[in-house]
6 protein chains.
Amino acid sequence: MKSARKEVSAVPRNAAPWPIDSIVAQLRTLRVKSLEARSRGDRPPRLPSRKALAGIVDGVSAALFPNRLGSPDLTDAGVDYFVGHTLEVNLRLLHEQLTREFQFSSGLDRLSDVDRERAIYVTHAFAQYLPKVRSQLESDLVAAFEGDPAARTVDEVLVCYPGITAITHYRLAHSLYCLGAPLVARMISELAHSATGIDIHPGAHIGERFFIDHGTGVVIGETAVLGDHVRLYQAVTLGAKRFHADSSGALVKGEARHPVVEDDVVIYAGATILGRVTIGRGSTIGGNVWLTRSVPPFSNVSQANALDELIVDGSGI
Amino acid sequence: MKSARKEVSAVPRNAAPWPIDSIVAQLRTLRVKSLEARSRGDRPPRLPSRKALAGIVDGVSAALFPNRLGSPDLTDAGVDYFVGHTLEVNLRLLHEQLTREFQFSSGLDRLSDVDRERAIYVTHAFAQYLPKVRSQLESDLVAAFEGDPAARTVDEVLVCYPGITAITHYRLAHSLYCLGAPLVARMISELAHSATGIDIHPGAHIGERFFIDHGTGVVIGETAVLGDHVRLYQAVTLGAKRFHADSSGALVKGEARHPVVEDDVVIYAGATILGRVTIGRGSTIGGNVWLTRSVPPFSNVSQANALDELIVDGSGI
Amino acid sequence: MKSARKEVSAVPRNAAPWPIDSIVAQLRTLRVKSLEARSRGDRPPRLPSRKALAGIVDGVSAALFPNRLGSPDLTDAGVDYFVGHTLEVNLRLLHEQLTREFQFSSGLDRLSDVDRERAIYVTHAFAQYLPKVRSQLESDLVAAFEGDPAARTVDEVLVCYPGITAITHYRLAHSLYCLGAPLVARMISELAHSATGIDIHPGAHIGERFFIDHGTGVVIGETAVLGDHVRLYQAVTLGAKRFHADSSGALVKGEARHPVVEDDVVIYAGATILGRVTIGRGSTIGGNVWLTRSVPPFSNVSQANALDELIVDGSGI
Amino acid sequence: MKSARKEVSAVPRNAAPWPIDSIVAQLRTLRVKSLEARSRGDRPPRLPSRKALAGIVDGVSAALFPNRLGSPDLTDAGVDYFVGHTLEVNLRLLHEQLTREFQFSSGLDRLSDVDRERAIYVTHAFAQYLPKVRSQLESDLVAAFEGDPAARTVDEVLVCYPGITAITHYRLAHSLYCLGAPLVARMISELAHSATGIDIHPGAHIGERFFIDHGTGVVIGETAVLGDHVRLYQAVTLGAKRFHADSSGALVKGEARHPVVEDDVVIYAGATILGRVTIGRGSTIGGNVWLTRSVPPFSNVSQANALDELIVDGSGI
Amino acid sequence: MKSARKEVSAVPRNAAPWPIDSIVAQLRTLRVKSLEARSRGDRPPRLPSRKALAGIVDGVSAALFPNRLGSPDLTDAGVDYFVGHTLEVNLRLLHEQLTREFQFSSGLDRLSDVDRERAIYVTHAFAQYLPKVRSQLESDLVAAFEGDPAARTVDEVLVCYPGITAITHYRLAHSLYCLGAPLVARMISELAHSATGIDIHPGAHIGERFFIDHGTGVVIGETAVLGDHVRLYQAVTLGAKRFHADSSGALVKGEARHPVVEDDVVIYAGATILGRVTIGRGSTIGGNVWLTRSVPPFSNVSQANALDELIVDGSGI
Amino acid sequence: MKSARKEVSAVPRNAAPWPIDSIVAQLRTLRVKSLEARSRGDRPPRLPSRKALAGIVDGVSAALFPNRLGSPDLTDAGVDYFVGHTLEVNLRLLHEQLTREFQFSSGLDRLSDVDRERAIYVTHAFAQYLPKVRSQLESDLVAAFEGDPAARTVDEVLVCYPGITAITHYRLAHSLYCLGAPLVARMISELAHSATGIDIHPGAHIGERFFIDHGTGVVIGETAVLGDHVRLYQAVTLGAKRFHADSSGALVKGEARHPVVEDDVVIYAGATILGRVTIGRGSTIGGNVWLTRSVPPFSNVSQANALDELIVDGSGI
């Protein structure tokens, strides 16, 4: 015991008793092996930056709702300058992130001229899409206000509701997904997922007046299609059933494998709808329902005899 | 192809190829139209700030538990100065956020004298309520410590458990809700929701010694009433059944529509209890139970024949 | 009414109308009483800092994946310097947090020499474990890439997938848990829980090639054991059934009370598996299944007649 | 000796051995006495904030030279949005600082309506003066470029030369001084003084094409008047001689007591010119000259026989 | 030429063309050699931190003048909490910096118990000295207000005048110098020197009602003694003449080698007073005077025939 | 009066009463005119960033003196990693700033390949020069320690003395100046000038063991040459006499126009030496001396009869 203590007291204040050199060497070996395994040589191109994208989403959101998400002190004389400046800065930053994605997916050492052009065109198209996003979000806000007995004003919905945060991220990410930037789109979706517990894949198609209440645990898959005026509660899954594997055992990618939800459907908390089924318009799906087949328009689906399934062993007074 | 590249190379380093002016103009049109739709003119008053409220909750929490959530280096001689200073700063900041809520809900251009007084009185009452909040949280901490086999000390529970974070936010938000500041209260609840995945409406009434374990996905509705010594696990919903709409189709607001949970009830993960039902004291609700009717005191509710419902297609050795 | 306003207008700009002194005194009384109740005297030792641990996990992760999670501009000539420097800084910081835990759990006024040594040895052992963590995470990344039809590259998985964030935290926390630092380990797990909604107790044993998709609501308990190549979806619970209380009513701590999941098992969203049961290797557990008994290898478990349980009241066209 | 050590070891980790309570009390007594001495009661109004003014000067400078002092990445499409937004924000902030000065100098408890109006009008006038400031600064930049053999480009002068920093602060401060905000003006001057060692009172009148080289130690007094195209080197003082005291011994304030320097004058390093004297146009004042009388136009003033005054005791080889 | 370009283009994006390894090795060799030369082994103890001291001076200044240098929003109810909390935090931080100085000057590997005690006692004594510092600074403020025709209020002097910044740093540093912490004292003085260009050695003794106007270039040496009510202008030097060297050529340290300036003396800009001379009380020393002998009380010293020394070659009209 | 107030009260909370649009337009006109005047078109290339250079100098200084200017907690095992990582990061950043200078001075729209190569080569050469800079600074530190009776240790000199800050900046800037990056070099010099009041042009040549005491107001010109072991005090100027203008009136640039100071010279405070004169080795120049001719080695130069020049009008008791 004494010798152990001696060893420790022999560790001077400024010496690290942990073997940095050896760990650095081992990690280098692992890195090299891993890079070789992916036959990518030793110069991995940059990925888009999660932190930069978080700033861009905040900036673009502020440009869309300058008084509420930008600066509360904006004057009328200043608001357009704010919007223009904020857009200009954030589109430039987005453009840079897009060049990273395109170079990354090209696998080339340098950004090709074609990818440089793509980044400009995608940013351009995204910019032009923004007024439409603002309109859609207006419709979502009204839907939330009308759909929640607890909501007092539309403004309150905008600043309070995690569902709105998730839908804003989704609508921005979806336009980038459609424009051919799936990685940036996915990273934006994950920002919302982390903040709200709502996981909407940017590939999903979602109509106007969309509302998610509470939201924690909602999952909407890549090929899901939702009509207008759909309302979801927490923990609703619109997912795939099992995945198909090809003969080699690899998963088949890209198939339409998630539900179609038509207009004016309400799906209550915990319902799970799996596979390429269709929920007809005007239907209501009850809480915790497990559904893997289509239902016609105006259906009301609920758990059978929910109460009978329970064993109530009450020994009350 | 060549012409396309020419166009790009004609884009000078400093010119934005995206049409900022046009987008700014479109967004302005949308903003004006949206403001008109809400007949609010062009001068929207400020909303409370989410970021400011996050700081206030952190500050007040630090004043309640100065050694654990404030500064670990506080000396005995310094702790009251810390508490007093922290309270003074954060009550002042809270007062400002309350004036924003009151002016916002008044719809007036300027803060009225009545609302100014209200903000002072509400801050005052909130401050006086803090010792009681501290006592309640002590009881919650003990409940968590006693309720989780993995907990080693009460201090560990305070700094580690997301349930405690959620309950602290709830207890502060609830007092503001009761004092007539529902928007600030709601924003505080959403801070906890985002951090923990636990969504407790500030309108709910919750007794002492409350414990939520794991917590992700828990939802407790606005009119829920929980007695003392209730214990919940992750993904428990205490929600409304369907909402009532009036003859015009608008949702009826304010009704008691969420469960009453009496003292000493335990509700296991994933259980869903909906509507104004009563769970009698001492009851235990099993995991994933779906319950929409009242049960008497000391009930044990669980899924019937859970195993029989499963198709086990085992082709094991 | 007039007198009330007068009182307010008598409140000068610089006076706080809230009774700070009285609240400070009440809070002091509560603090003292609470400390006495825990017979800890008036000098609570420091706990580890959540914020410091967050920085340490980020730093160590950057050292493990320097190009992806460190700095994208690292040159080949610089990468080892980055790794070595980042490790050196963060191991030193971890060492400090470990001394806090050991002093805290010792309950002594000062750090004992034994605890000082322990902190050095634990940091040392943790450091040596890092190359193995990197290898395990490589296997997890490949599993995620192969298991998700939406994943395009392994790098994308590393920066996008919340499951990977949670597993990285778990693997680091688990090694600290095994080395006798359960509090620091738990705090690291809670960082991932807050960011991802995935709650893996650092005590669980998890093999290689582990993948969690979506993940919100996943709970894995302290004594769970998972083999290699397990795949989980969102809201899967691997939990305890009810806890045993001893004759005094206190919960029995430390028992093996969570499931064993063997190699090559897939568990779909919302499945709940409780108690010390074993899921045989190669099994598939369907979505929302509620399972409290063991199943043999290569079982396929799914909800019986899921469709028959539903009441579909369709009044479609 | 032993007892002293005992006393120290009796100081527990968490107790402060310094007597905070007593010092707080003593400082309170001093504060109250000091406030009484100035018969200002206990509610001192706010002063303008040095830090806020530093930000405002940076912001306004960026609006004047957006590519050089704003953001180097500004595009042509974005520059006006940047300028407008930056102006809007910083004029609003300046307005707030002006209200502080006016309330402070009024000595009233609340901002009077008259002072509120003044703050708006002064901000307005300041804003309209900005294009003129930009023109003057252009002329100063050209003067610096032409006056320093070491300067390579006008842009380099703008970003490198402390003289330009000082003159920019002066020109902004001077306009505020003329508009009746001497305190804010003085605080802006002191920002430049601290950064450059150049102390120009905002009350001085200075023409176009002004250049200060090196600059450390330059002092220009409140009532100094400088024509166009004046060039100064480091440590030049344009000061008052002795101050006049009235019969009560108090200094007489406000008199013209600093030099008049006409157009096209050069003053070399260390020259000291005191009192209300006039340096005629086109004159050159040599280094270290001490001058307290007027000189006619086109004078060359230098130290007589500078060399004869020296005792050179050379014992060289 | 072509080969050179080829070499460059062969530099891949991620490789540094600069030889880091070799430079690191050379710097290590130099460090080791340098440490050996000072026979200090390889474990240099920590020095106090300039940045930490800057924060401490700001904190203590805020405690001395809470409304002006602390927070402008402090209420009467909150000000003592602010003062107490700010003192407590900054005395603790000062204590840590003092332990660094004492360990450094001891040359030991660890802080000795004696030095630990010293740090506590010095902090304690410093704390008790603070009310006196506040009183002295009050007298300095009044002196500045009375001594400058441009000053409007005492508050303005406090926030605007670099002389007050320098004197505040001096008074705090001087008390630490007297208490045996010359290094921390010197570092505090240098903070003021950098911010104001005023260099007051913390060893100097300076009475009450001290005023420095403009101040850039003022130097006051270690053994200077200034009485009450002294007024200095910019670029005044109170320095040593030549230094004495002992027989080995080393400078003799510690001698009284700077001027004594008695009460009520005014020294105008640029005057240089060197050596252990005495300026009798009530004297006035003119600008740019070079003085190396004592002068009796009530002297008026000025440059002889300043005008006759000038060659004025005026070819004016 | 009433109408004025009405106008103000008509200013709604959110409208700016200052005419942003008009000022933006005027500023644009001025910018365009100014750019045209310099025939540079509308796309000014980026200049190096002052803030980035400040970070680079701090980083490189930390690499040179890692324990003192880097991190005080560095362990022996970690110090080379720190040095290597810090160098790698800061050389990369320097490289970017150099490309800005080279593109700027080329006046081209894009960085040419030649300039890209230059930036790499200059960074490379600068890196290789660093060990020599460290050696020179060691000699400067020793000179300061030996030259100042107040200095206690070499380490104290390194962290306290503004002269060392200025010399460090100079030595780094000088190597960049010699390598053809005069703008970056100048900006680095100005950083030291602002922090210390010491203005050393990066073009000057300065030998080893250089010491500046106090330093405020020191100016050393572009073509000055200083030998080894030179010591300067505050406010010493080594400047040019008057500048020569060519026939067109433009200043002639590049001439050797500043003093040569040979080895072992001491120059006391306030001395001014102008023109291409030579101060022979071993000479001492007294305070406030004004010198415009050469002096032989081992001269002692001081002001003649300094005392006789003074009028002492003493009316002492």
# chains A, B, ... in the order shown; residues from 1 in each chain; ligands from 1
call {"tool": "interface_residues", "arguments": {"of": "chain D", "to": "chain E", "cutoff": "6 Å", "atoms": "only C-alpha atoms", "output": "list in words"}}
result
Trp18, Val24, Leu27, Arg46, Met187, Ser194, Gly217, Lys253, Pro296, Pro297, Phe298, Ser299, Asn300, Val301, Ser302, Gln303 and Ala304 of chain D
call {"tool": "write_last_selection", "arguments": {"atoms": "all heavy atoms", "output": "short mmCIF file (atom, residue, chain, number, x, y, z; two decimals), in the first residue's frame"}}
result
data_model
loop_
_atom_site.label_atom_id
_atom_site.label_comp_id
_atom_site.auth_asym_id
_atom_site.auth_seq_id
_atom_site.Cartn_x
_atom_site.Cartn_y
_atom_site.Cartn_z
N TRP D 18 -13.23 36.39 6.02
CA TRP D 18 -13.25 37.85 5.95
C TRP D 18 -14.62 38.37 6.34
O TRP D 18 -15.65 37.78 6.04
CB TRP D 18 -12.82 38.35 4.57
CG TRP D 18 -13.02 37.39 3.46
CD1 TRP D 18 -14.14 37.23 2.71
CD2 TRP D 18 -12.07 36.44 2.96
NE1 TRP D 18 -13.93 36.24 1.78
CE2 TRP D 18 -12.69 35.74 1.91
CE3 TRP D 18 -10.76 36.11 3.30
CZ2 TRP D 18 -12.02 34.74 1.20
CZ3 TRP D 18 -10.10 35.13 2.59
CH2 TRP D 18 -10.74 34.44 1.55
N VAL D 24 -19.82 45.41 4.36
CA VAL D 24 -21.05 45.85 3.68
C VAL D 24 -21.68 47.02 4.44
O VAL D 24 -22.11 48.02 3.84
CB VAL D 24 -22.03 44.68 3.55
CG1 VAL D 24 -23.41 45.16 3.13
CG2 VAL D 24 -21.50 43.64 2.56
N LEU D 27 -19.60 50.20 4.01
CA LEU D 27 -19.76 50.78 2.67
C LEU D 27 -21.12 51.45 2.52
O LEU D 27 -21.24 52.48 1.87
CB LEU D 27 -19.55 49.69 1.60
CG LEU D 27 -18.11 49.20 1.45
CD1 LEU D 27 -18.05 48.02 0.45
CD2 LEU D 27 -17.19 50.32 0.97
N ARG D 46 -29.77 56.68 -13.73
CA ARG D 46 -28.75 55.98 -14.50
C ARG D 46 -27.89 56.93 -15.32
O ARG D 46 -28.39 57.86 -15.94
CB ARG D 46 -29.42 55.10 -15.55
CG ARG D 46 -30.13 53.94 -15.01
CD ARG D 46 -30.42 53.08 -16.21
NE ARG D 46 -31.43 52.10 -15.89
CZ ARG D 46 -31.70 51.10 -16.71
NH1 ARG D 46 -31.06 51.01 -17.87
NH2 ARG D 46 -32.62 50.23 -16.40
N MET D 187 -17.92 60.59 -23.15
CA MET D 187 -17.67 59.16 -22.96
C MET D 187 -17.16 58.52 -24.26
O MET D 187 -16.31 57.63 -24.24
CB MET D 187 -18.93 58.48 -22.46
CG MET D 187 -19.27 58.91 -21.03
SD MET D 187 -20.85 58.22 -20.44
CE MET D 187 -20.30 56.58 -19.96
N SER D 194 -8.70 55.85 -24.57
CA SER D 194 -8.20 54.61 -24.00
C SER D 194 -7.56 53.72 -25.07
O SER D 194 -6.53 53.09 -24.85
CB SER D 194 -9.34 53.87 -23.31
OG SER D 194 -8.91 52.64 -22.81
N GLY D 217 -0.39 60.39 -26.73
CA GLY D 217 -0.12 61.58 -25.93
C GLY D 217 -0.66 62.88 -26.49
O GLY D 217 -0.52 63.93 -25.85
N LYS D 253 -15.35 78.37 -15.70
CA LYS D 253 -15.59 77.38 -16.76
C LYS D 253 -16.06 78.05 -18.04
O LYS D 253 -16.67 79.12 -17.99
CB LYS D 253 -16.61 76.34 -16.27
CG LYS D 253 -16.20 75.69 -14.93
CD LYS D 253 -16.87 74.34 -14.66
CE LYS D 253 -16.21 73.69 -13.45
NZ LYS D 253 -16.53 72.27 -13.30
N PRO D 296 2.49 84.41 -36.82
CA PRO D 296 1.78 84.80 -38.06
C PRO D 296 1.77 83.65 -39.07
O PRO D 296 2.51 82.68 -38.91
CB PRO D 296 2.62 85.96 -38.57
CG PRO D 296 3.97 85.75 -37.99
CD PRO D 296 3.78 85.06 -36.68
N PRO D 297 0.97 83.79 -40.11
CA PRO D 297 0.92 82.76 -41.15
C PRO D 297 2.30 82.44 -41.71
O PRO D 297 3.18 83.31 -41.74
CB PRO D 297 0.01 83.36 -42.21
CG PRO D 297 -0.89 84.27 -41.45
CD PRO D 297 -0.04 84.85 -40.36
N PHE D 298 2.46 81.22 -42.15
CA PHE D 298 3.69 80.76 -42.83
C PHE D 298 4.94 80.88 -41.96
O PHE D 298 6.03 80.98 -42.47
CB PHE D 298 3.88 81.50 -44.16
CG PHE D 298 2.69 81.33 -45.06
CD1 PHE D 298 1.81 82.38 -45.31
CD2 PHE D 298 2.41 80.08 -45.62
CE1 PHE D 298 0.70 82.21 -46.12
CE2 PHE D 298 1.30 79.92 -46.44
CZ PHE D 298 0.44 80.97 -46.67
N SER D 299 4.76 80.84 -40.63
CA SER D 299 5.92 80.81 -39.74
C SER D 299 6.54 79.41 -39.73
O SER D 299 5.85 78.40 -39.92
CB SER D 299 5.48 81.14 -38.30
OG SER D 299 4.89 82.42 -38.26
N ASN D 300 7.85 79.38 -39.47
CA ASN D 300 8.53 78.13 -39.15
C ASN D 300 9.10 78.29 -37.75
O ASN D 300 10.01 79.09 -37.56
CB ASN D 300 9.68 77.86 -40.11
CG ASN D 300 9.20 77.18 -41.37
OD1 ASN D 300 8.73 76.06 -41.31
ND2 ASN D 300 9.26 77.90 -42.47
N VAL D 301 8.59 77.56 -36.80
CA VAL D 301 9.03 77.72 -35.43
C VAL D 301 9.81 76.47 -35.03
O VAL D 301 9.33 75.35 -35.21
CB VAL D 301 7.84 77.89 -34.48
CG1 VAL D 301 8.33 78.08 -33.05
CG2 VAL D 301 6.98 79.07 -34.93
N SER D 302 11.03 76.67 -34.52
CA SER D 302 11.77 75.50 -34.05
C SER D 302 12.60 75.88 -32.84
O SER D 302 12.79 77.07 -32.55
CB SER D 302 12.68 74.93 -35.14
OG SER D 302 13.60 75.92 -35.53
N GLN D 303 13.09 74.91 -32.11
CA GLN D 303 13.93 75.17 -30.95
C GLN D 303 15.25 75.79 -31.41
O GLN D 303 15.88 75.32 -32.35
CB GLN D 303 14.24 73.86 -30.23
CG GLN D 303 13.08 73.35 -29.41
CD GLN D 303 13.57 72.48 -28.27
OE1 GLN D 303 14.52 71.73 -28.44
NE2 GLN D 303 12.93 72.60 -27.12
N ALA D 304 15.65 76.84 -30.70
CA ALA D 304 16.93 77.47 -31.02
C ALA D 304 18.07 76.55 -30.61
O ALA D 304 18.01 75.89 -29.57
CB ALA D 304 17.05 78.80 -30.30
#
call {"tool": "residues_around", "arguments": {"residues": "range 177-180 of chain C", "least_positions_apart": "5", "cutoff": "7 Å", "atoms": "only C-alpha atoms", "output": "ChimeraX atom specification"}}
result
/C:122,185,202-203
call {"tool": "atom_distance", "arguments": {"atom1": "CA of Gln26 in chain B", "atom2": "CA of Leu93 in chain D"}}
result
28.8 Å
call {"tool": "select_by_dssp", "arguments": {"residues": "range 189-299 of chain F", "states": "alpha helix (DSSP H)", "output": "list in words"}}
result
Ser189, Glu190, Leu191, Ala192, His193, Ser194, Ala195 and Thr196 of chain F
call {"tool": "write_last_selection", "arguments": {"atoms": "C-alpha atoms", "output": "PDB file, in the first residue's frame"}}
result
ATOM      1  CA  SER F 189       2.246  46.450 -34.533  1.00  0.00           C
ATOM      2  CA  GLU F 190      -0.837  48.566 -34.047  1.00  0.00           C
ATOM      3  CA  LEU F 191      -2.311  45.952 -31.714  1.00  0.00           C
ATOM      4  CA  ALA F 192       0.692  46.452 -29.440  1.00  0.00           C
ATOM      5  CA  HIS F 193       0.518  50.225 -29.904  1.00  0.00           C
ATOM      6  CA  SER F 194      -3.082  50.255 -28.712  1.00  0.00           C
ATOM      7  CA  ALA F 195      -2.355  48.011 -25.720  1.00  0.00           C
ATOM      8  CA  THR F 196       0.883  49.625 -24.573  1.00  0.00           C
TER       9      THR F 196
END
call {"tool": "select_by_dssp", "arguments": {"residues": "range 161-271 of chain A", "states": "strand (DSSP E or B)", "output": "list of chain:residue names"}}
result
A:Asp199, A:Ile200, A:His205, A:Ile206, A:Phe211, A:Ile212, A:Val219, A:Ile220, A:Val225, A:Leu226, A:Arg231, A:Leu232, A:Thr237, A:Leu238, A:Gly239, A:Ala245, A:Leu251, A:Val260, A:Val261, A:Val266, A:Ile267
call {"tool": "atom_distance", "arguments": {"atom1": "CA of Asp115 in chain D", "atom2": "CA of Phe102 in chain D"}}
result
5.9 Å
call {"tool": "atom_distance", "arguments": {"atom1": "CA of Ile56 in chain D", "atom2": "CA of Leu98 in chain D"}}
result
11.9 Å
call {"tool": "residues_around", "arguments": {"residues": "range 257-266 of chain D", "least_positions_apart": "6", "cutoff": "8 Å", "atoms": "only C-alpha atoms", "output": "JSON, numbers by chain"}}
result
{"D": [221, 222, 223, 224, 225, 226, 227, 228, 229, 230, 231, 232, 238, 239, 240, 241, 273, 274, 275, 276, 277, 278, 279, 280, 281, 282, 283, 284, 285]}
